[in-house]
Every structure is written in C-alpha cells, then in structure tokens.
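S.K.: A single structure is presented below for examination.
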Amino acid sequence: MDAMISPSTPGKFKPEKPHHHLHHHHHRPLFRLQHSPLFKCGLIVVCASVVVVLLLCLAPSHPSSSSSSSSSPFAASRIERRSLSASSSSSWGGAEWEKRVRYSARIRRVGGFSVLVTGAGGFVGTHVSAALKRRGDGVLGLDCFNDYYEPSLKRARQALLDRIGVFVVEGDINDGPLLRKLFDVVPFTHVMHLAAQAGVRYAMKNPASYVHSNIAGLVTLLEACKSADPQPAVVWASSSSVYGLNTKVPFSEFHRTDRPASLYAATKKAGEEIAHTYNHIYGLSITGLRFFTVYGPWGRPDMAYFFFTNDLLNGKPITIFEGPKGESVARDFTYIDDIVQGCIGALDTAKKSTGTGGKKRGPAQLRVYNLGNTSPVPVTELVTILERLLKVKANKKVVKMPANGDVQFTHANISLAQRELGYHPTTDLKTGLKRFVRWYIEYYNPPGVASLTKKSARSNSS
C-alpha cells in the first residue's frame, strides 16, 4: 500500500550534456523569433487578449455557490465544476510556523537545493516535491487548496507530503506579503512554480480564475523572486496548449505559438512573455516547461482518463470526441514519472539568476522545453485500454468536438529536452494506466472491484 500511495520514482539522473544560455541567440527558439515581424504581431495579439480578459474580470460576476459533495467520485458520474474558493483556514506567521518552514526547506545532501514548490497540493506538485525531498533537497510547498476539484484529494496529497517531511504552507500565490515572508525566512536556491488554474473548458465558465492564477499570480511570484536576495532560479509550468492552432507536427519549440485556441492557452502564452520580461529586466534565470497531457496516480479528476475510469465503474456512457470529418482525437499522454524526471532535469541544469537588489547584473538564462512522450494515442485507444483493465465494456457515445478550446491533436518534439535536460520518457500508455487504475481502486475502494487490484498487482510483479 505504501508503494501505491507514494509518488513514483524520484527521478535521480544527470543531464547528458551541459546546457547553453538562452541569451546566445542561435541556441534558442525564443530569440530566433523575437525580432521577426511575425513574432511582434503575435506578441501584440497576446497582449491585446490579456487586456480584454482583464477588462472582463473587472465586470461584476456571479459565481454559482459551492456545493458539498462526497470525496468519492461514485457520488456522481462526473466531477462537478464548482465556483472556486480557497480554504478559509489558512494562516501564517509566528515562531513555530517559521520553525516548520525552515525545517522543511533544510538541505540534506551535499550540493542540494532549497526549493519552493508552488501548487504542491496539486498532481504534479506533489510528485515533484516528494522526489526532491527523497533525494535530499530542502522542499517547502505552497498551495491554496481551492475547490476546482475535490479538496479532499488535495488534502490527501498534503498528508502524503507531511509524512515525508514536506510542509505545505496554505496560501495564495497572489499574497505578496506571504511570499516576501517566505523568502525572508528561507534563502531559496530554486522555485518550482506549478500553481495554476488548469483546464481548457472551465475557462468558458470562470475566465477570471485564469487571469488571477496564471497571469496575476505569476507576476506576484516573479516580483518576489526578483527582489529576493539571493534571487532563485525559476522553473515553471507552461503548457502544450500554447501551440493552439499550429498544424505542424510534432510540435517544436521553434513553432509559432501566437494563435491560442483557448483562454487557458492564452494565459500560458502570456506567462511565457512575462517570463521573458523578468529575465530581460531583472536577470532572473527562468525555464518554462510545456507539459503534454500528464496522467498517473494521484491525478486530476477533471482529466479524461480519470473521469472515464469513474464513468466506466458507474456504468455511465463515455463521450468521445472526433474531428469534423470523423478524424480521431489524439493526445501525447505523458506519465507522471517522466514529467518528474523532466522537472528535476530543468532544476539540475538551471543557471543562477544574475540580479541583486532587484537589478540585473548580467545576461541570465531563459529556456523553454517540451515535456511529452512523443507518442500520440487516439482517445478511443485510451478507452479500450481502460475497458481491459477494468473488465468493463464502455457505452461509447461519439460526438463532434465542440468549439470549447480543445484541439484535435498534440504531439511533442522532445529532442531539445533530450539533449539538454537528459529527458527520456519510458512509460507507455498501457503501463501507465495500469498503475493509475491500481491506485484509483485502492484510494477510492469502489464496491465490487477490489479483485482488480490483486490481478493488477500480480501482473505488475510478473
């Protein structure tokens, strides 16, 4: 059981080759494009989009009231989308609080890091925090524990981290005084910024939450980082969604990203431009990671593989999207252990920031990488694998993909991350889903399917 509830491999590895600074123009796609008319036009589009969104956010909004639901997904066939609210129990400060912060962030290996992980109660944040802690780095988490999906799952992840000595501070990344206090108490060497408002479709219901977390939150965090002494190196989660309407495959860091298909994608693209600004003005070392459809144990209930599993076990129909001409919808599904490997590779190869006192003292590293599996799989095949693992036949309902911001196909070119981060994903979808299903059944304990766990355990050991 301990093996199941613990995040997977900690991702100890060394990069194959030394990385290069992004300010050498011939080494990085961002600087190849930044002086082109196309790039400037795209930047104007992104900035205009952000301004429009900010204006929308100033208008009065009337979010629906939050509803209390069972922590088990068997209370309903789908995870209910609720208006977002952070936990009201957050508090910080005082001698005992500072003691916990320092103890959690204490480095326990030679040459180790002291890392602030935002979004530590989230899916990727929990796994990355655990991996860093287990290799001897100091880790302090930060999370607001909002109710975008079931908070009990986030609290269970928090408890998991607490058992291995990671303290997760409860607070919002937009809380400037809290961030300044954390940097006063701990001289962080690195920040792993994973806090964000995720999800493509939810942006149509609550656009303000994306601006609050993905734009305003990023700026608030980078403000704290540029003023810190010493300045930390920053690694943060962008998204494969930035490729938007790009039709060239596989998606490369050199491809255009000025045509987002969703508000979520627009905020992540805006984040990349904001990162460029703080690197250019303040000397912050910043690395952006474009994740491709991350899945695995302790995952997000709003992801298809997760709620498909829930629906299959509840005997509910599965809705599968297809293209306008009947084309398959496919995703570059990437297992969580592989993503963790990439995150740690980015931390291990990050150069120091060059600013002091909020002023740039020299050129600083700026990078962006795709982290995917480079093996797109049709969603229909995902359902087939789940049917076999769960011993349940799906009631499939195939419909045309709605105009909700989703794209039909994703495929990562990971050659840059392979060369410079030592990133080598190894988990195919069937293996990763087998691990997820085993965790899901042990965590939720749905009635009548306990035997699947034993079968899965036997097959994993064979």
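In the structure tokens, chains take the letters A, B, ... in the order shown, each chain's residues start at 1, and ligands count up from 1 in the order shown.
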Residues at most 9 Å from range 261-276 of chain A, counting only C-alpha atoms, excluding those fewer than 5 positions away in the same chain, as JSON, numbers by chain?
M.R.: {"A": [30, 43, 46, 47, 49, 50, 53, 197, 198, 199, 200, 201, 202, 203, 204, 207, 210, 211, 214, 215, 218, 219, 222, 237, 238, 239, 240, 241, 242, 243, 244, 245, 281, 284, 286, 287, 288, 366, 368, 404, 405, 406, 407]}
S.K.: Given the selection you just returned, output its residues as a file containing N, CA and C atoms, formatted as a compact mmCIF listing (two decimals), in the first residue's frame.
M.R.:
# COMPACT_ATOMS: atom_id res chain seq x y z
N LEU A 30 13.12 31.11 -28.81
CA LEU A 30 12.51 32.37 -28.44
C LEU A 30 13.27 33.54 -29.06
N LEU A 43 2.92 38.82 -30.47
CA LEU A 43 3.01 39.40 -29.14
C LEU A 43 1.90 40.43 -28.92
N VAL A 46 -1.32 38.56 -28.26
CA VAL A 46 -1.39 38.02 -26.90
C VAL A 46 -1.66 39.12 -25.90
N CYS A 47 -0.93 40.22 -26.02
CA CYS A 47 -1.11 41.32 -25.07
C CYS A 47 -2.53 41.88 -25.14
N SER A 49 -5.16 40.26 -26.05
CA SER A 49 -6.06 39.27 -25.45
C SER A 49 -6.07 39.39 -23.94
N VAL A 50 -4.88 39.59 -23.37
CA VAL A 50 -4.78 39.71 -21.91
C VAL A 50 -5.52 40.94 -21.42
N VAL A 53 -9.20 40.27 -21.40
CA VAL A 53 -9.57 39.40 -20.28
C VAL A 53 -9.59 40.18 -18.98
N GLN A 197 -4.30 27.77 -12.61
CA GLN A 197 -5.66 27.32 -12.89
C GLN A 197 -5.60 26.49 -14.16
N ALA A 198 -5.86 25.21 -14.01
CA ALA A 198 -5.74 24.28 -15.14
C ALA A 198 -7.10 24.08 -15.81
N GLY A 199 -7.07 23.37 -16.94
CA GLY A 199 -8.29 23.00 -17.63
C GLY A 199 -8.65 23.95 -18.76
N VAL A 200 -8.93 23.40 -19.91
CA VAL A 200 -9.29 24.21 -21.08
C VAL A 200 -10.75 24.64 -21.04
N ARG A 201 -11.65 23.71 -20.76
CA ARG A 201 -13.09 24.00 -20.88
C ARG A 201 -13.62 24.87 -19.75
N TYR A 202 -13.03 24.75 -18.55
CA TYR A 202 -13.53 25.52 -17.41
C TYR A 202 -13.35 27.03 -17.62
N ALA A 203 -12.44 27.40 -18.52
CA ALA A 203 -12.22 28.82 -18.78
C ALA A 203 -13.45 29.50 -19.35
N MET A 204 -14.34 28.72 -19.97
CA MET A 204 -15.57 29.31 -20.51
C MET A 204 -16.57 29.61 -19.39
N PRO A 207 -13.60 32.57 -16.43
CA PRO A 207 -12.37 33.12 -17.03
C PRO A 207 -11.51 33.90 -16.04
N TYR A 210 -8.50 32.23 -14.32
CA TYR A 210 -7.29 32.01 -15.11
C TYR A 210 -6.38 33.23 -15.08
N VAL A 211 -6.98 34.41 -15.14
CA VAL A 211 -6.19 35.63 -15.03
C VAL A 211 -5.61 35.75 -13.63
N ASN A 214 -2.94 32.44 -13.37
CA ASN A 214 -1.92 32.20 -14.38
C ASN A 214 -1.19 33.46 -14.83
N ILE A 215 -1.81 34.62 -14.63
CA ILE A 215 -1.15 35.88 -15.01
C ILE A 215 -0.78 36.70 -13.77
N LEU A 218 1.49 34.69 -11.44
CA LEU A 218 2.86 34.59 -11.93
C LEU A 218 3.63 35.89 -11.71
N VAL A 219 2.99 37.01 -11.98
CA VAL A 219 3.64 38.30 -11.77
C VAL A 219 3.98 38.51 -10.30
N LEU A 222 6.99 36.33 -9.48
CA LEU A 222 8.24 36.83 -10.06
C LEU A 222 8.69 38.14 -9.40
N ALA A 237 5.68 25.82 -14.95
CA ALA A 237 4.87 25.01 -15.87
C ALA A 237 4.13 25.89 -16.84
N SER A 238 4.56 25.85 -18.10
CA SER A 238 3.77 26.41 -19.19
C SER A 238 2.83 25.28 -19.63
N SER A 239 2.55 25.15 -20.90
CA SER A 239 1.63 24.10 -21.35
C SER A 239 1.79 23.85 -22.84
N SER A 240 1.52 22.63 -23.25
CA SER A 240 1.48 22.32 -24.68
C SER A 240 0.34 23.06 -25.37
N SER A 241 -0.62 23.56 -24.59
CA SER A 241 -1.74 24.30 -25.16
C SER A 241 -1.31 25.56 -25.89
N VAL A 242 -0.09 26.05 -25.61
CA VAL A 242 0.35 27.29 -26.27
C VAL A 242 0.47 27.10 -27.78
N TYR A 243 0.58 25.85 -28.25
CA TYR A 243 0.70 25.61 -29.69
C TYR A 243 -0.62 25.87 -30.41
N GLY A 244 -1.73 25.84 -29.69
CA GLY A 244 -3.01 26.28 -30.22
C GLY A 244 -3.36 25.70 -31.57
N LEU A 245 -3.51 26.57 -32.56
CA LEU A 245 -3.94 26.17 -33.89
C LEU A 245 -2.78 25.77 -34.80
N ILE A 281 14.74 42.19 -17.78
CA ILE A 281 14.90 43.38 -16.95
C ILE A 281 15.64 43.10 -15.65
N LEU A 284 16.47 37.34 -13.91
CA LEU A 284 16.01 36.06 -13.36
C LEU A 284 16.29 34.93 -14.34
N ILE A 286 15.12 31.72 -15.84
CA ILE A 286 13.77 31.17 -15.93
C ILE A 286 13.71 30.09 -17.01
N THR A 287 13.11 28.97 -16.64
CA THR A 287 12.90 27.85 -17.56
C THR A 287 11.42 27.50 -17.59
N GLY A 288 10.83 27.51 -18.77
CA GLY A 288 9.43 27.13 -18.93
C GLY A 288 9.32 25.72 -19.47
N LEU A 366 17.43 31.86 -20.12
CA LEU A 366 16.00 31.80 -20.42
C LEU A 366 15.78 30.63 -21.37
N VAL A 368 12.94 27.25 -22.77
CA VAL A 368 11.61 26.64 -22.81
C VAL A 368 11.76 25.26 -23.45
N ASN A 404 -14.92 24.48 -27.83
CA ASN A 404 -14.70 24.86 -26.43
C ASN A 404 -13.24 25.10 -26.11
N GLY A 405 -12.39 25.17 -27.12
CA GLY A 405 -10.97 25.44 -26.88
C GLY A 405 -10.08 24.23 -26.99
N ASP A 406 -10.66 23.03 -27.02
CA ASP A 406 -9.85 21.82 -27.19
C ASP A 406 -9.28 21.75 -28.60
N VAL A 407 -8.14 21.09 -28.73
CA VAL A 407 -7.55 20.86 -30.05
C VAL A 407 -7.62 19.38 -30.37
S.K.: I need the residues of range 222-417 of chain A that end up classed as alpha helix (DSSP H) by DSSP on the backbone, written out as a VMD selection string.
M.R.: chain A and resid 222 to 227 263 to 282 304 to 314 336 to 348 379 to 390 415 to 417
S.K.: Residues near Asn370 in chain A, anyone? I mean within 9 Å using only C-alpha atoms, not counting same-chain ones fewer than 5 positions away, as a PyMOL selection string.
M.R.: chain A and resi 239-240+251-253+288-292+412-417
S.K.: To one decimal in Å, tell me the separation between CA of Met303 in chain A and CA of Ser129 in chain A.
M.R.: 21.4 Å
S.K.: Write out as a PyMOL selection string all residues of range 227-457 of chain A that DSSP puts in strand (DSSP E) for this structure's backbone.
M.R.: chain A and resi 233-237+286-291+294-295+318-322+330-331+334-335+355-356+359-360+366-371+377-378+396-400
S.K.: Output C-alpha atoms of each residue in that selection to a file, as a PDB file, in the first residue's frame.
M.R.:
ATOM      1  CA  ALA A 233      16.392  30.219 -10.414  1.00  0.00           C
ATOM      2  CA  VAL A 234      12.782  29.710 -11.553  1.00  0.00           C
ATOM      3  CA  VAL A 235      11.341  26.675 -13.329  1.00  0.00           C
ATOM      4  CA  TRP A 236       7.652  26.933 -14.150  1.00  0.00           C
ATOM      5  CA  ALA A 237       4.873  25.010 -15.867  1.00  0.00           C
ATOM      6  CA  ILE A 286      13.768  31.171 -15.935  1.00  0.00           C
ATOM      7  CA  THR A 287      12.904  27.848 -17.557  1.00  0.00           C
ATOM      8  CA  GLY A 288       9.428  27.130 -18.935  1.00  0.00           C
ATOM      9  CA  LEU A 289       8.193  23.562 -19.340  1.00  0.00           C
ATOM     10  CA  ARG A 290       5.405  22.774 -21.791  1.00  0.00           C
ATOM     11  CA  PHE A 291       3.666  19.711 -20.342  1.00  0.00           C
ATOM     12  CA  VAL A 294       0.124  14.395 -17.818  1.00  0.00           C
ATOM     13  CA  TYR A 295      -1.545  11.344 -16.226  1.00  0.00           C
ATOM     14  CA  ILE A 318     -18.434   7.589 -22.291  1.00  0.00           C
ATOM     15  CA  THR A 319     -18.475  10.629 -24.570  1.00  0.00           C
ATOM     16  CA  ILE A 320     -15.676  10.541 -27.137  1.00  0.00           C
ATOM     17  CA  PHE A 321     -14.950  13.491 -29.399  1.00  0.00           C
ATOM     18  CA  GLU A 322     -13.994  13.248 -33.049  1.00  0.00           C
ATOM     19  CA  ALA A 330      -5.310  12.021 -30.072  1.00  0.00           C
ATOM     20  CA  ARG A 331      -3.119  13.142 -27.203  1.00  0.00           C
ATOM     21  CA  THR A 334       2.858  11.586 -20.659  1.00  0.00           C
ATOM     22  CA  TYR A 335       3.238   9.578 -17.464  1.00  0.00           C
ATOM     23  CA  GLY A 355      20.318  40.096 -10.405  1.00  0.00           C
ATOM     24  CA  THR A 356      20.781  41.575  -6.957  1.00  0.00           C
ATOM     25  CA  LYS A 359      18.629  44.944 -10.623  1.00  0.00           C
ATOM     26  CA  LYS A 360      20.098  42.869 -13.432  1.00  0.00           C
ATOM     27  CA  LEU A 366      15.998  31.801 -20.424  1.00  0.00           C
ATOM     28  CA  ARG A 367      14.751  28.453 -21.742  1.00  0.00           C
ATOM     29  CA  VAL A 368      11.612  26.636 -22.815  1.00  0.00           C
ATOM     30  CA  TYR A 369      11.173  22.886 -23.349  1.00  0.00           C
ATOM     31  CA  ASN A 370       8.527  20.402 -24.424  1.00  0.00           C
ATOM     32  CA  LEU A 371       7.959  17.568 -21.953  1.00  0.00           C
ATOM     33  CA  VAL A 377      -2.518   7.875 -28.821  1.00  0.00           C
ATOM     34  CA  PRO A 378      -6.149   8.176 -30.009  1.00  0.00           C
ATOM     35  CA  LYS A 396     -19.474   4.874 -26.077  1.00  0.00           C
ATOM     36  CA  LYS A 397     -21.111   7.988 -27.435  1.00  0.00           C
ATOM     37  CA  VAL A 398     -19.107   9.559 -30.276  1.00  0.00           C
ATOM     38  CA  VAL A 399     -19.836  13.231 -30.965  1.00  0.00           C
ATOM     39  CA  LYS A 400     -18.203  16.053 -32.893  1.00  0.00           C
TER      40      LYS A 400
END
S.K.: Quick one: pull the distance between CA of Phe167 in chain A and CA of Arg102 in chain A, Å, one decimal.
M.R.: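 About the pair CA of Phe167 in chain A and CA of Arg102 in chain A: they are 9.5 Å apart.
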S.K.: Can you tell me which residues surround range 115-122 of chain A at a distance of at most 7 Å, considering only C-alpha atoms, apart from same-chain residues fewer than 6 positions away, and format the answer as a list in words?
M.R.: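 Answer for this query is Ala105, Ser129, Gly138, Val139, Leu140, Gly141, Leu142, Asp143, Phe145, Lys154, Arg157, Gln158, Val168, Phe188, Thr189, His190, Val191, Met192, His193, Leu194 and Ala195 of chain A.
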S.K.: Take the residues that were just selected and, keeping all heavy atoms, output them as a compact mmCIF listing (two decimals), in the first residue's frame.
M.R.:
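result07.txt, written as the output of this step:
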# COMPACT_ATOMS: atom_id res chain seq x y z
N ALA A 105 12.54 23.21 4.56
CA ALA A 105 13.38 23.69 3.46
C ALA A 105 14.86 23.38 3.67
O ALA A 105 15.69 23.74 2.82
CB ALA A 105 13.19 25.20 3.29
N SER A 129 7.58 17.41 -5.45
CA SER A 129 8.01 17.68 -4.07
C SER A 129 8.56 16.43 -3.40
O SER A 129 9.60 16.46 -2.74
CB SER A 129 6.83 18.22 -3.25
OG SER A 129 6.38 19.46 -3.74
N GLY A 138 15.99 20.40 0.15
CA GLY A 138 15.01 21.03 1.02
C GLY A 138 13.81 21.44 0.20
O GLY A 138 13.97 21.97 -0.90
N VAL A 139 12.61 21.17 0.70
CA VAL A 139 11.40 21.45 -0.07
C VAL A 139 10.36 22.11 0.84
O VAL A 139 10.05 21.59 1.92
CB VAL A 139 10.79 20.16 -0.67
CG1 VAL A 139 9.54 20.49 -1.48
CG2 VAL A 139 11.81 19.42 -1.52
N LEU A 140 9.84 23.23 0.40
CA LEU A 140 8.71 23.86 1.07
C LEU A 140 7.60 24.01 0.04
O LEU A 140 7.82 24.53 -1.06
CB LEU A 140 9.09 25.23 1.62
CG LEU A 140 7.96 25.95 2.36
CD1 LEU A 140 7.69 25.27 3.70
CD2 LEU A 140 8.28 27.43 2.57
N GLY A 141 6.40 23.56 0.39
CA GLY A 141 5.27 23.67 -0.52
C GLY A 141 4.41 24.89 -0.23
O GLY A 141 4.45 25.45 0.86
N LEU A 142 3.65 25.28 -1.24
CA LEU A 142 2.68 26.37 -1.10
C LEU A 142 1.46 26.01 -1.93
O LEU A 142 1.58 25.64 -3.10
CB LEU A 142 3.28 27.69 -1.59
CG LEU A 142 2.35 28.92 -1.60
CD1 LEU A 142 1.93 29.28 -0.17
CD2 LEU A 142 3.03 30.11 -2.27
N ASP A 143 0.27 26.09 -1.34
CA ASP A 143 -0.96 25.76 -2.06
C ASP A 143 -2.14 26.43 -1.39
O ASP A 143 -2.17 26.56 -0.16
CB ASP A 143 -1.17 24.25 -2.10
CG ASP A 143 -2.03 23.81 -3.28
OD1 ASP A 143 -3.24 24.09 -3.26
OD2 ASP A 143 -1.51 23.17 -4.20
N PHE A 145 -5.34 25.25 -1.93
CA PHE A 145 -6.34 24.19 -1.74
C PHE A 145 -7.74 24.66 -2.15
O PHE A 145 -8.71 24.47 -1.42
CB PHE A 145 -6.34 23.70 -0.30
CG PHE A 145 -5.05 23.07 0.12
CD1 PHE A 145 -4.09 23.80 0.82
CD2 PHE A 145 -4.77 21.75 -0.19
CE1 PHE A 145 -2.89 23.22 1.19
CE2 PHE A 145 -3.56 21.16 0.17
CZ PHE A 145 -2.62 21.91 0.88
N LYS A 154 -6.69 16.77 -2.62
CA LYS A 154 -5.55 17.65 -2.38
C LYS A 154 -5.04 17.51 -0.94
O LYS A 154 -3.83 17.52 -0.69
CB LYS A 154 -5.92 19.11 -2.66
CG LYS A 154 -6.36 19.35 -4.09
CD LYS A 154 -6.74 20.81 -4.32
CE LYS A 154 -7.22 21.04 -5.74
NZ LYS A 154 -7.54 22.45 -6.02
N ARG A 157 -3.03 14.39 -0.63
CA ARG A 157 -1.67 14.59 -1.13
C ARG A 157 -0.84 15.36 -0.10
O ARG A 157 0.34 15.07 0.12
CB ARG A 157 -1.71 15.37 -2.44
CG ARG A 157 -2.44 14.69 -3.59
CD ARG A 157 -2.25 15.52 -4.85
NE ARG A 157 -3.09 15.11 -5.97
CZ ARG A 157 -3.91 15.90 -6.61
NH1 ARG A 157 -4.06 17.17 -6.23
NH2 ARG A 157 -4.61 15.46 -7.66
N GLN A 158 -1.46 16.36 0.53
CA GLN A 158 -0.77 17.12 1.57
C GLN A 158 -0.33 16.21 2.70
O GLN A 158 0.81 16.32 3.21
CB GLN A 158 -1.68 18.22 2.11
CG GLN A 158 -1.04 19.07 3.20
CD GLN A 158 -2.03 20.03 3.84
OE1 GLN A 158 -3.24 19.79 3.83
NE2 GLN A 158 -1.54 21.12 4.39
N VAL A 168 3.56 22.01 3.67
CA VAL A 168 2.88 22.77 2.63
C VAL A 168 2.19 23.96 3.29
O VAL A 168 1.21 23.81 4.04
CB VAL A 168 1.84 21.91 1.88
CG1 VAL A 168 1.15 22.76 0.79
CG2 VAL A 168 2.51 20.69 1.25
N PHE A 188 15.86 30.55 -0.70
CA PHE A 188 15.63 29.51 -1.69
C PHE A 188 16.62 29.62 -2.85
O PHE A 188 16.86 30.71 -3.37
CB PHE A 188 14.20 29.61 -2.25
CG PHE A 188 13.12 29.32 -1.25
CD1 PHE A 188 12.34 30.35 -0.74
CD2 PHE A 188 12.89 28.02 -0.81
CE1 PHE A 188 11.34 30.09 0.18
CE2 PHE A 188 11.89 27.75 0.11
CZ PHE A 188 11.12 28.78 0.61
N THR A 189 17.15 28.48 -3.27
CA THR A 189 18.01 28.46 -4.45
C THR A 189 17.18 28.34 -5.72
O THR A 189 17.60 28.80 -6.79
CB THR A 189 18.99 27.28 -4.40
OG1 THR A 189 18.25 26.03 -4.37
CG2 THR A 189 19.89 27.37 -3.17
N HIS A 190 16.00 27.70 -5.61
CA HIS A 190 15.16 27.47 -6.78
C HIS A 190 13.68 27.63 -6.41
O HIS A 190 13.29 27.38 -5.26
CB HIS A 190 15.35 26.05 -7.33
CG HIS A 190 16.72 25.77 -7.86
ND1 HIS A 190 17.80 25.58 -7.02
CD2 HIS A 190 17.17 25.62 -9.14
CE1 HIS A 190 18.88 25.35 -7.77
NE2 HIS A 190 18.53 25.36 -9.05
N VAL A 191 12.89 27.99 -7.39
CA VAL A 191 11.43 27.96 -7.28
C VAL A 191 10.90 27.06 -8.39
O VAL A 191 11.25 27.24 -9.56
CB VAL A 191 10.82 29.37 -7.41
CG1 VAL A 191 9.31 29.28 -7.53
CG2 VAL A 191 11.21 30.23 -6.21
N MET A 192 10.09 26.08 -8.01
CA MET A 192 9.38 25.25 -8.98
C MET A 192 7.94 25.71 -8.95
O MET A 192 7.17 25.37 -8.05
CB MET A 192 9.49 23.77 -8.61
CG MET A 192 8.67 22.84 -9.50
SD MET A 192 9.10 22.84 -11.23
CE MET A 192 10.66 21.96 -11.21
N HIS A 193 7.55 26.51 -9.95
CA HIS A 193 6.23 27.15 -9.95
C HIS A 193 5.24 26.29 -10.74
O HIS A 193 5.22 26.32 -11.97
CB HIS A 193 6.33 28.55 -10.55
CG HIS A 193 5.02 29.26 -10.64
ND1 HIS A 193 4.12 29.30 -9.58
CD2 HIS A 193 4.44 29.96 -11.65
CE1 HIS A 193 3.06 30.00 -9.95
NE2 HIS A 193 3.23 30.40 -11.20
N LEU A 194 4.42 25.55 -10.02
CA LEU A 194 3.44 24.65 -10.62
C LEU A 194 2.00 25.06 -10.32
O LEU A 194 1.06 24.45 -10.83
CB LEU A 194 3.69 23.21 -10.16
CG LEU A 194 5.06 22.64 -10.52
CD1 LEU A 194 5.29 21.30 -9.81
CD2 LEU A 194 5.20 22.48 -12.03
N ALA A 195 1.83 26.07 -9.48
CA ALA A 195 0.48 26.55 -9.17
C ALA A 195 -0.12 27.21 -10.40
O ALA A 195 0.52 28.02 -11.06
CB ALA A 195 0.52 27.54 -8.01
S.K.: Find the residues around Leu382 in chain A up to 10 Å (only C-alpha atoms counted), leave out those fewer than 5 positions away in its own chain, and share them as an mmCIF file with N, CA and C atoms, in the first residue's frame.
M.R.:
data_model
loop_
_atom_site.group_PDB
_atom_site.id
_atom_site.type_symbol
_atom_site.label_atom_id
_atom_site.label_comp_id
_atom_site.auth_asym_id
_atom_site.auth_seq_id
_atom_site.Cartn_x
_atom_site.Cartn_y
_atom_site.Cartn_z
ATOM 1 N N ALA A 304 -9.591 13.333 -18.706
ATOM 2 C CA ALA A 304 -10.419 12.294 -19.335
ATOM 3 C C ALA A 304 -10.151 10.899 -18.799
ATOM 4 N N TYR A 305 -8.874 10.525 -18.659
ATOM 5 C CA TYR A 305 -8.575 9.172 -18.184
ATOM 6 C C TYR A 305 -9.151 8.924 -16.797
ATOM 7 N N PHE A 308 -13.185 9.015 -17.135
ATOM 8 C CA PHE A 308 -13.589 7.833 -17.887
ATOM 9 C C PHE A 308 -13.594 6.610 -16.967
ATOM 10 N N ALA A 330 -6.450 12.720 -30.670
ATOM 11 C CA ALA A 330 -5.310 12.021 -30.072
ATOM 12 C C ALA A 330 -4.539 12.964 -29.158
ATOM 13 N N ARG A 331 -3.919 12.386 -28.158
ATOM 14 C CA ARG A 331 -3.119 13.142 -27.203
ATOM 15 C C ARG A 331 -1.773 12.464 -26.979
ATOM 16 N N PHE A 333 -0.045 11.501 -24.402
ATOM 17 C CA PHE A 333 -0.154 11.200 -22.973
ATOM 18 C C PHE A 333 1.234 10.961 -22.375
ATOM 19 N N VAL A 377 -1.612 9.022 -28.862
ATOM 20 C CA VAL A 377 -2.518 7.875 -28.821
ATOM 21 C C VAL A 377 -3.953 8.375 -28.984
ATOM 22 N N GLU A 387 -11.030 -0.270 -20.626
ATOM 23 C CA GLU A 387 -12.003 -1.368 -20.644
ATOM 24 C C GLU A 387 -11.340 -2.682 -20.237
ATOM 25 N N LEU A 429 1.470 4.145 -22.585
ATOM 26 C CA LEU A 429 0.154 4.424 -22.019
ATOM 27 C C LEU A 429 -0.433 3.218 -21.295
ATOM 28 N N LYS A 430 -0.281 2.027 -21.850
ATOM 29 C CA LYS A 430 -0.843 0.844 -21.206
ATOM 30 C C LYS A 430 -0.237 0.623 -19.824
ATOM 31 N N LEU A 433 -1.439 3.514 -17.414
ATOM 32 C CA LEU A 433 -2.840 3.379 -16.999
ATOM 33 C C LEU A 433 -3.027 2.217 -16.035
#
S.K.: To one decimal place, how far is CA of Glu98 in chain A from CA of Asn174 in chain A in Å?
M.R.: 20.0 Å
